[in-house]
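> Below is structure00.txt; it holds compact mmCIF, C-alpha atoms.
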```
# COMPACT_ATOMS: atom_id res chain seq x y z
CA MET A 163 -72.55 -189.17 59.36
CA ILE A 164 -73.84 -191.01 62.44
CA ASP A 165 -71.42 -193.43 64.07
CA GLY A 166 -73.64 -196.36 65.03
CA ARG A 167 -71.20 -197.47 67.73
CA HIS A 168 -72.22 -194.49 69.85
CA TYR A 169 -75.95 -195.31 69.82
CA ASN A 170 -78.26 -198.05 70.98
CA PHE A 171 -79.12 -200.71 68.40
CA ALA A 172 -81.53 -199.10 65.91
CA PHE A 173 -80.81 -195.63 67.38
CA LEU A 174 -83.90 -195.42 69.65
CA ASP A 175 -83.70 -196.45 73.30
CA GLU A 176 -85.40 -199.71 74.25
CA GLY A 177 -88.21 -197.99 76.17
CA SER A 178 -89.15 -195.91 73.12
CA LYS A 179 -89.14 -198.96 70.87
CA ARG A 180 -91.37 -200.89 73.28
CA GLU A 181 -93.86 -198.00 73.41
CA ILE A 182 -93.97 -197.80 69.62
CA ARG A 183 -94.41 -201.59 69.32
CA ARG A 184 -97.35 -201.41 71.76
CA SER A 185 -98.94 -198.78 69.52
CA ILE A 186 -98.32 -201.03 66.51
CA LEU A 187 -100.01 -203.97 68.24
CA LYS A 188 -103.07 -201.85 68.97
CA ALA A 189 -103.14 -200.63 65.36
CA VAL A 190 -102.99 -204.23 64.11
CA ALA A 191 -105.81 -205.22 66.48
CA ILE A 192 -108.05 -202.40 65.17
CA PRO A 193 -107.41 -202.18 61.40
CA GLY A 194 -107.62 -198.64 60.02
CA TYR A 195 -107.77 -196.97 63.45
CA GLN A 196 -105.24 -194.19 64.08
CA VAL A 197 -103.30 -194.89 67.25
CA PRO A 198 -101.53 -191.91 68.90
CA PHE A 199 -97.91 -192.42 69.91
CA GLY A 200 -95.06 -190.41 71.37
CA SER A 201 -93.13 -189.43 68.24
CA ARG A 202 -89.39 -189.24 69.02
CA GLU A 203 -86.75 -186.84 67.74
CA LEU A 204 -84.54 -188.16 64.94
CA PRO A 205 -81.60 -186.72 62.99
CA ILE A 206 -84.06 -186.19 60.11
CA GLY A 207 -86.56 -183.33 59.94
CA ARG A 208 -90.22 -184.08 60.58
CA GLY A 209 -92.05 -184.46 57.31
CA TRP A 210 -89.26 -186.53 55.77
CA GLY A 211 -90.48 -189.95 56.85
CA THR A 212 -89.84 -189.88 60.60
CA GLY A 213 -93.01 -191.85 61.36
CA GLY A 214 -92.03 -194.68 59.05
CA ILE A 215 -88.43 -194.60 60.28
CA GLN A 216 -89.53 -194.95 63.92
CA ILE A 217 -91.65 -197.98 63.04
CA THR A 218 -88.77 -199.56 61.11
CA LEU A 219 -86.28 -198.88 63.92
CA SER A 220 -88.69 -200.37 66.47
CA ILE A 221 -89.35 -203.66 64.65
CA ILE A 222 -86.05 -204.35 62.88
CA GLY A 223 -83.76 -207.11 64.10
CA LYS A 224 -80.18 -208.09 63.32
CA GLU A 225 -81.29 -210.83 60.91
CA ASP A 226 -83.61 -208.57 58.88
CA VAL A 227 -82.93 -207.38 55.34
CA LEU A 228 -84.06 -203.83 54.59
CA LYS A 229 -85.18 -202.15 51.38
CA VAL A 230 -86.09 -198.43 51.25
CA ILE A 231 -87.84 -196.80 48.30
CA ASP A 232 -89.03 -193.28 47.57
CA GLN A 233 -91.78 -193.02 44.94
CA GLY A 234 -90.55 -196.34 43.56
CA SER A 235 -86.87 -195.36 43.45
CA ASP A 236 -84.11 -196.99 45.48
CA ASP A 237 -81.68 -194.15 44.74
CA SER A 238 -83.53 -190.95 45.69
CA VAL A 239 -82.04 -188.67 48.35
CA ASN A 240 -84.70 -189.58 50.93
CA ALA A 241 -84.32 -193.33 50.41
CA VAL A 242 -80.50 -193.23 50.46
CA ASN A 243 -80.34 -191.18 53.68
CA ILE A 244 -82.82 -193.44 55.48
CA LYS A 245 -80.83 -196.50 54.44
CA LYS A 246 -77.62 -194.91 55.71
CA LEU A 247 -79.20 -194.09 59.08
CA VAL A 248 -80.61 -197.59 59.63
CA GLU A 249 -77.48 -199.35 58.36
CA GLU A 250 -75.16 -197.29 60.58
CA CYS A 251 -77.21 -198.02 63.70
CA THR A 252 -78.07 -201.68 63.06
CA GLY A 253 -75.58 -203.18 60.61
CA VAL A 254 -78.42 -205.02 58.85
CA GLU A 255 -78.17 -206.04 55.22
CA ILE A 256 -79.53 -203.54 52.68
CA THR A 257 -81.05 -204.66 49.38
CA THR A 258 -82.78 -203.24 46.31
CA ASP A 259 -84.62 -206.52 45.64
CA SER A 260 -88.11 -206.49 47.15
CA GLU A 261 -88.18 -210.31 47.20
CA GLU A 262 -85.04 -210.47 49.37
CA ALA A 263 -86.23 -207.87 51.89
CA THR A 264 -87.99 -208.77 55.12
CA ILE A 265 -88.86 -205.11 55.82
CA ILE A 266 -89.57 -202.56 53.12
CA GLN A 267 -89.98 -198.90 54.00
CA SER A 268 -91.65 -196.89 51.29
CA ARG A 269 -92.71 -193.38 50.43
CA HIS A 270 -95.65 -193.21 48.02
CA ARG A 271 -95.42 -196.66 46.37
CA ILE A 272 -96.08 -200.35 46.96
CA PRO A 273 -93.68 -202.71 45.12
CA GLU A 274 -94.89 -204.29 41.90
CA ILE A 275 -94.03 -207.87 42.93
CA PRO A 276 -96.71 -209.05 45.41
CA MET A 277 -95.37 -209.17 48.96
CA ARG A 278 -95.37 -212.32 51.11
CA ASN A 279 -96.63 -213.04 54.61
CA ASP A 280 -93.08 -213.09 55.97
CA GLN A 281 -92.54 -209.47 54.91
CA ILE A 282 -93.64 -206.13 56.38
CA LEU A 283 -94.25 -202.94 54.39
CA VAL A 284 -93.81 -199.68 56.31
CA LEU A 285 -95.35 -196.63 54.64
CA GLN A 286 -94.42 -193.04 55.43
CA VAL A 287 -97.51 -190.85 55.88
CA PRO A 288 -97.57 -187.02 55.86
CA THR A 289 -101.30 -186.62 56.59
CA PRO A 290 -102.92 -189.62 58.32
CA GLU A 291 -106.38 -188.10 58.80
CA PRO A 292 -108.57 -188.68 55.69
CA LEU A 293 -111.34 -186.46 57.07
CA ARG A 294 -109.10 -183.40 57.27
CA ILE A 295 -110.40 -182.18 53.90
CA VAL A 296 -113.92 -181.95 55.33
CA GLU A 297 -113.21 -181.12 59.00
CA PRO A 298 -110.09 -179.29 60.28
CA ARG A 299 -110.68 -179.93 64.00
CA GLU A 300 -108.99 -183.04 65.42
CA ALA A 301 -111.53 -183.49 68.22
CA VAL A 302 -114.38 -183.50 65.69
CA THR A 303 -112.72 -185.98 63.32
CA LYS A 304 -112.16 -188.35 66.25
CA GLN A 305 -115.86 -188.16 67.07
CA MET A 306 -116.76 -188.74 63.42
CA HIS A 307 -114.64 -191.91 63.33
CA ALA A 308 -116.15 -193.10 66.62
CA GLU A 309 -119.66 -192.72 65.21
CA ALA A 310 -118.71 -193.88 61.69
CA GLU A 311 -120.10 -190.55 60.47
CA TYR A 312 -118.60 -190.36 57.01
CA SER A 313 -121.30 -188.44 55.16
CA GLY A 314 -118.91 -185.49 54.77
CA MET A 315 -116.41 -187.67 52.93
CA TRP A 316 -119.10 -189.10 50.66
CA LEU A 317 -120.30 -185.57 49.93
CA SER A 318 -116.75 -184.47 49.11
CA LEU A 319 -116.40 -187.33 46.62
CA PHE A 320 -119.79 -186.49 45.10
CA GLU A 321 -118.88 -182.81 44.69
CA ASP A 322 -115.65 -183.82 42.97
CA LEU A 323 -117.62 -186.10 40.68
CA THR A 324 -120.13 -183.41 39.70
CA GLN A 325 -117.36 -180.88 39.04
CA TYR A 326 -115.04 -183.06 36.94
CA ASP A 327 -117.38 -185.85 35.74
CA GLU A 328 -115.10 -188.26 37.61
CA ILE A 329 -113.45 -188.51 40.99
CA SER A 330 -110.20 -186.67 40.36
CA ILE A 331 -108.22 -187.79 43.43
CA SER A 332 -104.89 -189.10 42.10
CA SER A 333 -103.27 -190.16 45.38
CA GLU A 334 -104.32 -190.60 49.01
CA TYR A 335 -107.58 -192.01 47.66
CA PRO A 336 -109.66 -192.84 50.77
CA VAL A 337 -110.43 -196.47 51.56
CA MET A 338 -112.91 -198.23 53.85
CA VAL A 339 -111.26 -200.82 56.10
CA GLU A 340 -113.36 -203.82 57.20
CA ASP A 341 -116.53 -201.78 56.53
CA ARG A 342 -115.71 -199.69 59.60
CA TYR A 343 -112.97 -197.05 59.37
CA VAL A 344 -112.23 -194.64 56.55
CA MET A 345 -108.46 -194.57 56.15
CA ASN A 346 -105.85 -192.62 54.22
CA PRO A 347 -103.62 -195.18 52.45
CA SER A 348 -100.76 -192.61 52.32
CA PRO A 349 -99.93 -190.77 49.06
CA ILE A 350 -99.74 -193.96 47.03
CA PRO A 351 -101.31 -193.69 43.55
CA ARG A 352 -104.81 -195.09 43.04
CA TYR A 353 -103.14 -197.93 41.12
CA ASP A 354 -101.72 -199.30 44.39
CA ASN A 355 -104.99 -199.22 46.38
CA LYS A 356 -106.00 -202.66 45.13
CA LYS A 357 -102.81 -204.15 46.63
CA LEU A 358 -104.07 -203.34 50.13
CA ASN A 359 -107.12 -205.58 49.92
CA ASP A 360 -106.75 -209.16 51.20
CA SER A 361 -102.96 -208.88 51.02
CA ASP A 362 -100.64 -211.55 52.42
CA THR A 363 -98.41 -208.97 54.09
CA LEU A 364 -98.69 -206.59 57.04
CA TYR A 365 -98.90 -202.87 56.20
CA LEU A 366 -97.80 -200.38 58.86
CA PHE A 367 -98.36 -196.63 58.44
CA GLY A 368 -96.38 -194.06 60.42
CA ALA A 369 -96.92 -190.29 60.65
CA GLY A 370 -94.18 -188.78 62.80
CA ARG A 371 -95.26 -185.16 62.55
CA GLU A 372 -98.89 -186.03 63.33
CA LYS A 373 -97.88 -188.68 65.91
CA LYS A 374 -100.13 -191.44 64.53
CA ILE A 375 -99.64 -195.12 63.68
CA TYR A 376 -102.20 -197.34 61.92
CA ALA A 377 -102.13 -200.70 60.21
CA ILE A 378 -103.70 -203.12 57.75
CA PRO A 379 -103.12 -206.73 58.88
CA PRO A 380 -102.91 -209.58 56.35
CA HIS A 381 -106.16 -210.58 54.62
CA THR A 382 -108.04 -207.44 55.66
CA LYS A 383 -110.92 -206.14 53.56
CA VAL A 384 -109.90 -202.77 52.09
CA ILE A 385 -112.22 -201.14 49.55
CA SER A 386 -111.66 -197.81 47.77
CA MET A 387 -114.63 -195.52 48.40
CA CYS A 388 -116.82 -195.17 45.31
CA PHE A 389 -120.46 -195.10 44.26
CA ASP A 390 -122.44 -198.07 42.94
CA ASP A 391 -123.02 -196.39 39.58
CA VAL A 392 -119.51 -194.84 39.37
CA PRO A 393 -116.96 -197.61 39.87
CA PHE A 394 -113.46 -196.96 41.17
CA LYS A 395 -110.91 -196.47 38.40
CA THR A 396 -107.13 -196.57 38.48
CA GLU A 397 -104.60 -194.94 36.17
CA ASP A 398 -104.81 -196.31 32.62
CA PHE A 399 -101.56 -197.49 31.01
CA GLU A 400 -103.22 -199.42 28.20
CA GLY A 401 -100.93 -199.61 25.16
CA LYS A 402 -97.93 -198.27 27.08
CA CYS A 403 -94.80 -200.06 28.22
CA CYS A 404 -91.53 -199.30 29.97
CA ARG A 405 -88.88 -198.12 27.51
CA LEU A 406 -86.13 -199.78 29.57
CA CYS A 407 -87.47 -203.28 30.28
CA GLY A 408 -90.62 -203.45 28.15
CA ALA A 409 -92.89 -204.19 31.13
CA THR A 410 -96.65 -203.74 30.77
CA GLY A 411 -99.40 -203.92 33.38
CA VAL A 412 -97.32 -201.98 35.92
CA TYR A 413 -97.39 -198.42 37.22
CA LEU A 414 -95.40 -196.21 34.83
CA ASP A 415 -93.84 -192.77 35.20
CA GLU A 416 -94.42 -190.43 32.27
CA LEU A 417 -91.25 -188.61 31.16
CA ILE A 418 -90.17 -186.35 28.31
CA ASP A 419 -87.27 -187.60 26.21
CA GLU A 420 -84.65 -184.84 26.22
CA LYS A 421 -83.48 -185.64 22.70
CA THR A 422 -86.78 -186.14 20.87
CA GLY A 423 -89.19 -184.21 23.12
CA GLU A 424 -91.60 -187.17 22.99
CA LYS A 425 -93.44 -188.72 25.92
CA VAL A 426 -91.83 -191.91 27.16
CA TYR A 427 -92.64 -194.25 30.05
CA GLU A 428 -90.50 -196.04 32.62
CA CYS A 429 -91.32 -198.35 35.53
CA SER A 430 -91.89 -196.41 38.71
CA ASP A 431 -90.52 -199.38 40.69
CA THR A 432 -86.82 -199.14 39.79
CA GLY A 433 -85.91 -202.37 41.60
CA PHE A 434 -88.53 -204.30 39.61
CA CYS A 435 -87.30 -202.70 36.36
CA ARG A 436 -83.65 -203.46 37.14
CA GLY A 437 -84.48 -207.09 37.89
CA ARG A 438 -86.34 -207.51 34.58
CA ARG A 439 -83.43 -206.04 32.63
CA GLU A 440 -80.94 -208.31 34.39
CA ARG A 441 -83.05 -211.39 33.62
CA ILE A 442 -83.39 -210.33 29.96
CA ALA A 443 -79.64 -209.78 29.68
CA TRP A 444 -78.95 -213.17 31.30
CA LYS A 445 -81.27 -214.92 28.83
CA HIS A 446 -79.50 -213.27 25.89
CA GLN A 447 -76.10 -214.35 27.23
CA SER A 448 -77.21 -217.93 27.73
```
Mind converting the file's structure to structure tokens?

Amino acid sequence: MIDGRHYNFAFLDEGSKREIRRSILKAVAIPGYQVPFGSRELPIGRGWGTGGIQITLSIIGKEDVLKVIDQGSDDSVNAVNIKKLVEECTGVEITTDSEEATIIQSRHRIPEIPMRNDQILVLQVPTPEPLRIVEPREAVTKQMHAEAEYSGMWLSLFEDLTQYDEISISSEYPVMVEDRYVMNPSPIPRYDNKKLNDSDTLYLFGAGREKKIYAIPPHTKVISMCFDDVPFKTEDFEGKCCRLCGATGVYLDELIDEKTGEKVYECSDTGFCRGRRERIAWKHQS
């Protein structure tokens, strides 16, 4: 375990944090644009959220309250280890309530309760380049973004449509930011894409392995790429509810009941689900 007393506040040295904050400012000024940055070494292997961690460590202050989630869960190994690292090196308060948090770091989900303008959501990103599926060369994808040459991406979506009669992308569904840059929203499910558009909060995306930072400032236009005659669709949970709290209209995880072998559903956002159950229990007691 790291002893925070032996490290600078928030682990990184002040020069590194300033450099990362400068990259964040540029990313905020140019929504959807991938800003290169000098990714630092951390006591966590690359590919396990180091980009998001570096952003969090660079912006967090002593008065902040931090929440970390991994695919909606507060208690996964990745989320717990990140919380331990940040808590040891900062001493900030840790919470599982998204409404209490000032900074939320997430892997693959956006909280169910809409975020406010005094909060920041940091998303971990494994593959920041949305054009990688159509062009493997970094120099070429940079040129394509500069020229707004996205015909390859549109063709990829069309080929997927003709093969499966629908666009089959389940996560990392590409979005157009301010009618200018095609962006990878990280491996969030399609259900969460709509939360990016005209949001009150600031979204920061960090890819440590790929050394890229990008952002969606508050009230930015973010549209999922689709065709006029084939509208964008999200996952359908019609007629389904969480077996624990009874919630509907939220993103649900499909599970198999070990006793009955039947399909059951639970809220992906465990903090949201826990809060609903606590409120229901309180109502019954009162």
> Any idea what's packed within 8 Å of stretch 205-214 of chain A, counting only C-alpha atoms, ignoring anything in its chain fewer than 4 positions away? Could you give it as a ChimeraX atom specification?
/A:201,218,240,267,269,284-288,367-371,373-375
> For the atom pair atom CA of A:Leu174 and atom CA of A:Pro349, what is the interatomic distance in Å to one decimal place?
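About the pair atom CA of A:Leu174 and atom CA of A:Pro349: they are 26.5 Å apart.
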> One number please: atom CA of A:Gly177 to atom CA of A:Pro380, in Å, one decimal.
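One can read the atom CA of A:Gly177 to atom CA of A:Pro380 distance as 27.3 Å.
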> Which of these residues is nearest to A:Tyr195, using only C-alpha atoms: A:Ala308, A:Ala301, A:Leu219, A:Ala263?
A:Ala308
> Using only C-alpha atoms, which residues sit within 10 Å of A:Ile295 once same-chain residues fewer than 3 positions away are excluded, as a PyMOL selection string?
chain A and resi 291-292+298+314-315+318
> What does the structure give for the distance between atom CA of A:Asp419 and atom CA of A:Cys403, in Å to one decimal?
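Separation between atom CA of A:Asp419 and atom CA of A:Cys403: 14.7 Å.
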> Please identify all polymer residues lying at most 9 Å from the point (-92.5, -189.9, 71.6) (file coordinates), using only C-alpha atoms, and present the result as a list in words.
Ser178, Glu181, Ile182, Phe199, Gly200, Ser201, Arg202, Glu203 and Lys373 of chain A
> Would you list the contacts of stretch 278-282 of chain A as a PyMOL selection string, taking every protein, DNA or RNA residue within 6 Å and counting only C-alpha atoms, but skipping same-chain residues closer than 2 positions in sequence?
chain A and resi 264-265+362-364
> Which residue, A:His270, A:Arg441, A:Lys383, A:Arg180, has the smallest gap to A:Val344 when you use all atoms listed in the file?
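Using all atoms listed in the file, A:Val344 sits closest to A:Lys383.
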> Could you name the residues that touch A:Ile329 at 7 Å or less, counting all atoms listed in the file, but leaving out those on the same chain fewer than 6 positions away, as number ranges by chain?
A: 319, 322-323
> Which residues of stretch 234-286 of chain A come within 10 Å of stretch 421-435 of chain A, and what is each one's closest atom pair and distance in Å (one decimal), counting all atoms listed in the file, sorted by chain and residue number, as a Markdown table?

```
| residue | atom | partner | partner_atom | distance |
| --- | --- | --- | --- | --- |
| A:Gly234 | CA | A:Asp431 | CA | 4.2 |
| A:Ser235 | CA | A:Thr432 | CA | 5.3 |
| A:Asp236 | CA | A:Thr432 | CA | 6.7 |
| A:Asp237 | CA | A:Thr432 | CA | 8.7 |
| A:Thr257 | CA | A:Gly433 | CA | 9.5 |
| A:Thr258 | CA | A:Gly433 | CA | 5.7 |
| A:Asp259 | CA | A:Gly433 | CA | 5.9 |
| A:Ser260 | CA | A:Gly433 | CA | 7.3 |
| A:Glu261 | CA | A:Phe434 | CA | 9.7 |
| A:Arg271 | CA | A:Asp431 | CA | 8.0 |
| A:Ile272 | CA | A:Asp431 | CA | 8.4 |
| A:Pro273 | CA | A:Asp431 | CA | 6.4 |
| A:Glu274 | CA | A:Asp431 | CA | 6.7 |
| A:Ile275 | CA | A:Phe434 | CA | 7.3 |
```
> Let me make sure I understand: among A:Asp327, A:Ser361, A:Ser268, A:Glu372, which one has the smallest atom-to-atom distance to A:Glu300 if we use all atoms listed in the file?
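Selected residue with least distance to A:Glu300: A:Glu372.
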> Name the closest residue to A:Leu414 among the candidates A:Thr324, A:Ser238, A:Thr382, A:Gln233; distances are taken between atoms, counting only C-alpha atoms.
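Among the listed residues, the smallest separation from A:Leu414 belongs to A:Gln233.
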> Within 12 Å of A:Ala443, counting all atoms listed in the file, which residues qualify if same-chain residues fewer than 6 places away don't, as number ranges by chain?
A: 406-407, 436-437
> From the options A:Cys251, A:Val242, A:Leu366, A:Leu187, which residue's atoms come nearest to A:Asn170, counting only C-alpha atoms?
A:Cys251
> Have a look at A:Lys402, A:Arg342, A:Lys246, A:Lys179 and name the one nearest to A:Ile192; count all atoms listed in the file.
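Checking each candidate against A:Ile192, we get A:Arg342 as the closest.
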> Have stretch 224-235 of chain A completed to all heavy atoms, please, and pass it along as a compact mmCIF listing (two decimals), in the coordinates of the input.

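What follows is the written file part_2.txt:
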```txt
# COMPACT_ATOMS: atom_id res chain seq x y z
N LYS A 224 -81.49 -207.93 63.94
CA LYS A 224 -80.18 -208.09 63.32
C LYS A 224 -80.22 -209.00 62.09
O LYS A 224 -79.36 -208.90 61.22
CB LYS A 224 -79.19 -208.65 64.34
CG LYS A 224 -78.89 -207.68 65.49
CD LYS A 224 -77.90 -208.27 66.47
CE LYS A 224 -77.62 -207.28 67.61
NZ LYS A 224 -76.65 -207.83 68.60
N GLU A 225 -81.22 -209.89 62.03
CA GLU A 225 -81.29 -210.83 60.91
C GLU A 225 -82.14 -210.29 59.75
O GLU A 225 -82.25 -210.95 58.71
CB GLU A 225 -81.88 -212.16 61.38
CG GLU A 225 -81.11 -212.81 62.53
CD GLU A 225 -79.67 -213.07 62.17
OE1 GLU A 225 -79.42 -213.48 61.02
OE2 GLU A 225 -78.79 -212.84 63.02
N ASP A 226 -82.74 -209.12 59.92
CA ASP A 226 -83.61 -208.57 58.88
C ASP A 226 -82.80 -208.06 57.69
O ASP A 226 -81.62 -207.73 57.80
CB ASP A 226 -84.47 -207.44 59.44
CG ASP A 226 -85.69 -207.95 60.19
OD1 ASP A 226 -86.45 -208.73 59.61
OD2 ASP A 226 -85.86 -207.57 61.36
N VAL A 227 -83.49 -207.98 56.56
CA VAL A 227 -82.93 -207.38 55.34
C VAL A 227 -83.85 -206.22 54.96
O VAL A 227 -85.07 -206.40 54.84
CB VAL A 227 -82.86 -208.41 54.19
CG1 VAL A 227 -82.30 -207.76 52.93
CG2 VAL A 227 -82.02 -209.61 54.60
N LEU A 228 -83.28 -205.05 54.77
CA LEU A 228 -84.06 -203.83 54.59
C LEU A 228 -83.96 -203.31 53.17
O LEU A 228 -82.89 -203.28 52.57
CB LEU A 228 -83.59 -202.75 55.56
CG LEU A 228 -84.27 -201.37 55.44
CD1 LEU A 228 -85.73 -201.45 55.87
CD2 LEU A 228 -83.51 -200.32 56.25
N LYS A 229 -85.12 -202.88 52.65
CA LYS A 229 -85.18 -202.15 51.38
C LYS A 229 -85.93 -200.85 51.64
O LYS A 229 -86.95 -200.84 52.34
CB LYS A 229 -85.92 -202.97 50.32
CG LYS A 229 -86.18 -202.23 48.99
CD LYS A 229 -86.96 -203.14 48.04
CE LYS A 229 -87.48 -202.37 46.81
NZ LYS A 229 -86.40 -202.01 45.88
N VAL A 230 -85.44 -199.74 51.09
CA VAL A 230 -86.09 -198.43 51.25
C VAL A 230 -86.30 -197.83 49.87
O VAL A 230 -85.36 -197.76 49.06
CB VAL A 230 -85.26 -197.46 52.12
CG1 VAL A 230 -86.01 -196.14 52.30
CG2 VAL A 230 -84.95 -198.08 53.48
N ILE A 231 -87.54 -197.41 49.60
CA ILE A 231 -87.84 -196.80 48.30
C ILE A 231 -88.58 -195.49 48.49
O ILE A 231 -89.30 -195.29 49.46
CB ILE A 231 -88.67 -197.75 47.40
CG1 ILE A 231 -89.93 -198.23 48.13
CG2 ILE A 231 -87.85 -198.93 46.94
CD1 ILE A 231 -90.82 -199.14 47.29
N ASP A 232 -88.39 -194.60 47.55
CA ASP A 232 -89.03 -193.28 47.57
C ASP A 232 -89.68 -193.08 46.22
O ASP A 232 -88.98 -192.93 45.21
CB ASP A 232 -87.98 -192.20 47.85
CG ASP A 232 -88.57 -190.79 47.91
OD1 ASP A 232 -89.79 -190.66 47.70
OD2 ASP A 232 -87.82 -189.84 48.15
N GLN A 233 -91.01 -193.10 46.18
CA GLN A 233 -91.78 -193.02 44.94
C GLN A 233 -91.29 -194.05 43.92
O GLN A 233 -91.19 -193.77 42.73
CB GLN A 233 -91.70 -191.60 44.37
CG GLN A 233 -92.33 -190.57 45.29
CD GLN A 233 -92.52 -189.21 44.63
OE1 GLN A 233 -92.61 -189.11 43.41
NE2 GLN A 233 -92.63 -188.18 45.44
N GLY A 234 -90.97 -195.24 44.43
CA GLY A 234 -90.55 -196.34 43.56
C GLY A 234 -89.06 -196.44 43.36
O GLY A 234 -88.56 -197.46 42.90
N SER A 235 -88.30 -195.39 43.72
CA SER A 235 -86.87 -195.36 43.45
C SER A 235 -86.05 -195.79 44.67
O SER A 235 -86.33 -195.36 45.79
CB SER A 235 -86.44 -193.96 43.02
OG SER A 235 -85.04 -193.87 42.90
```
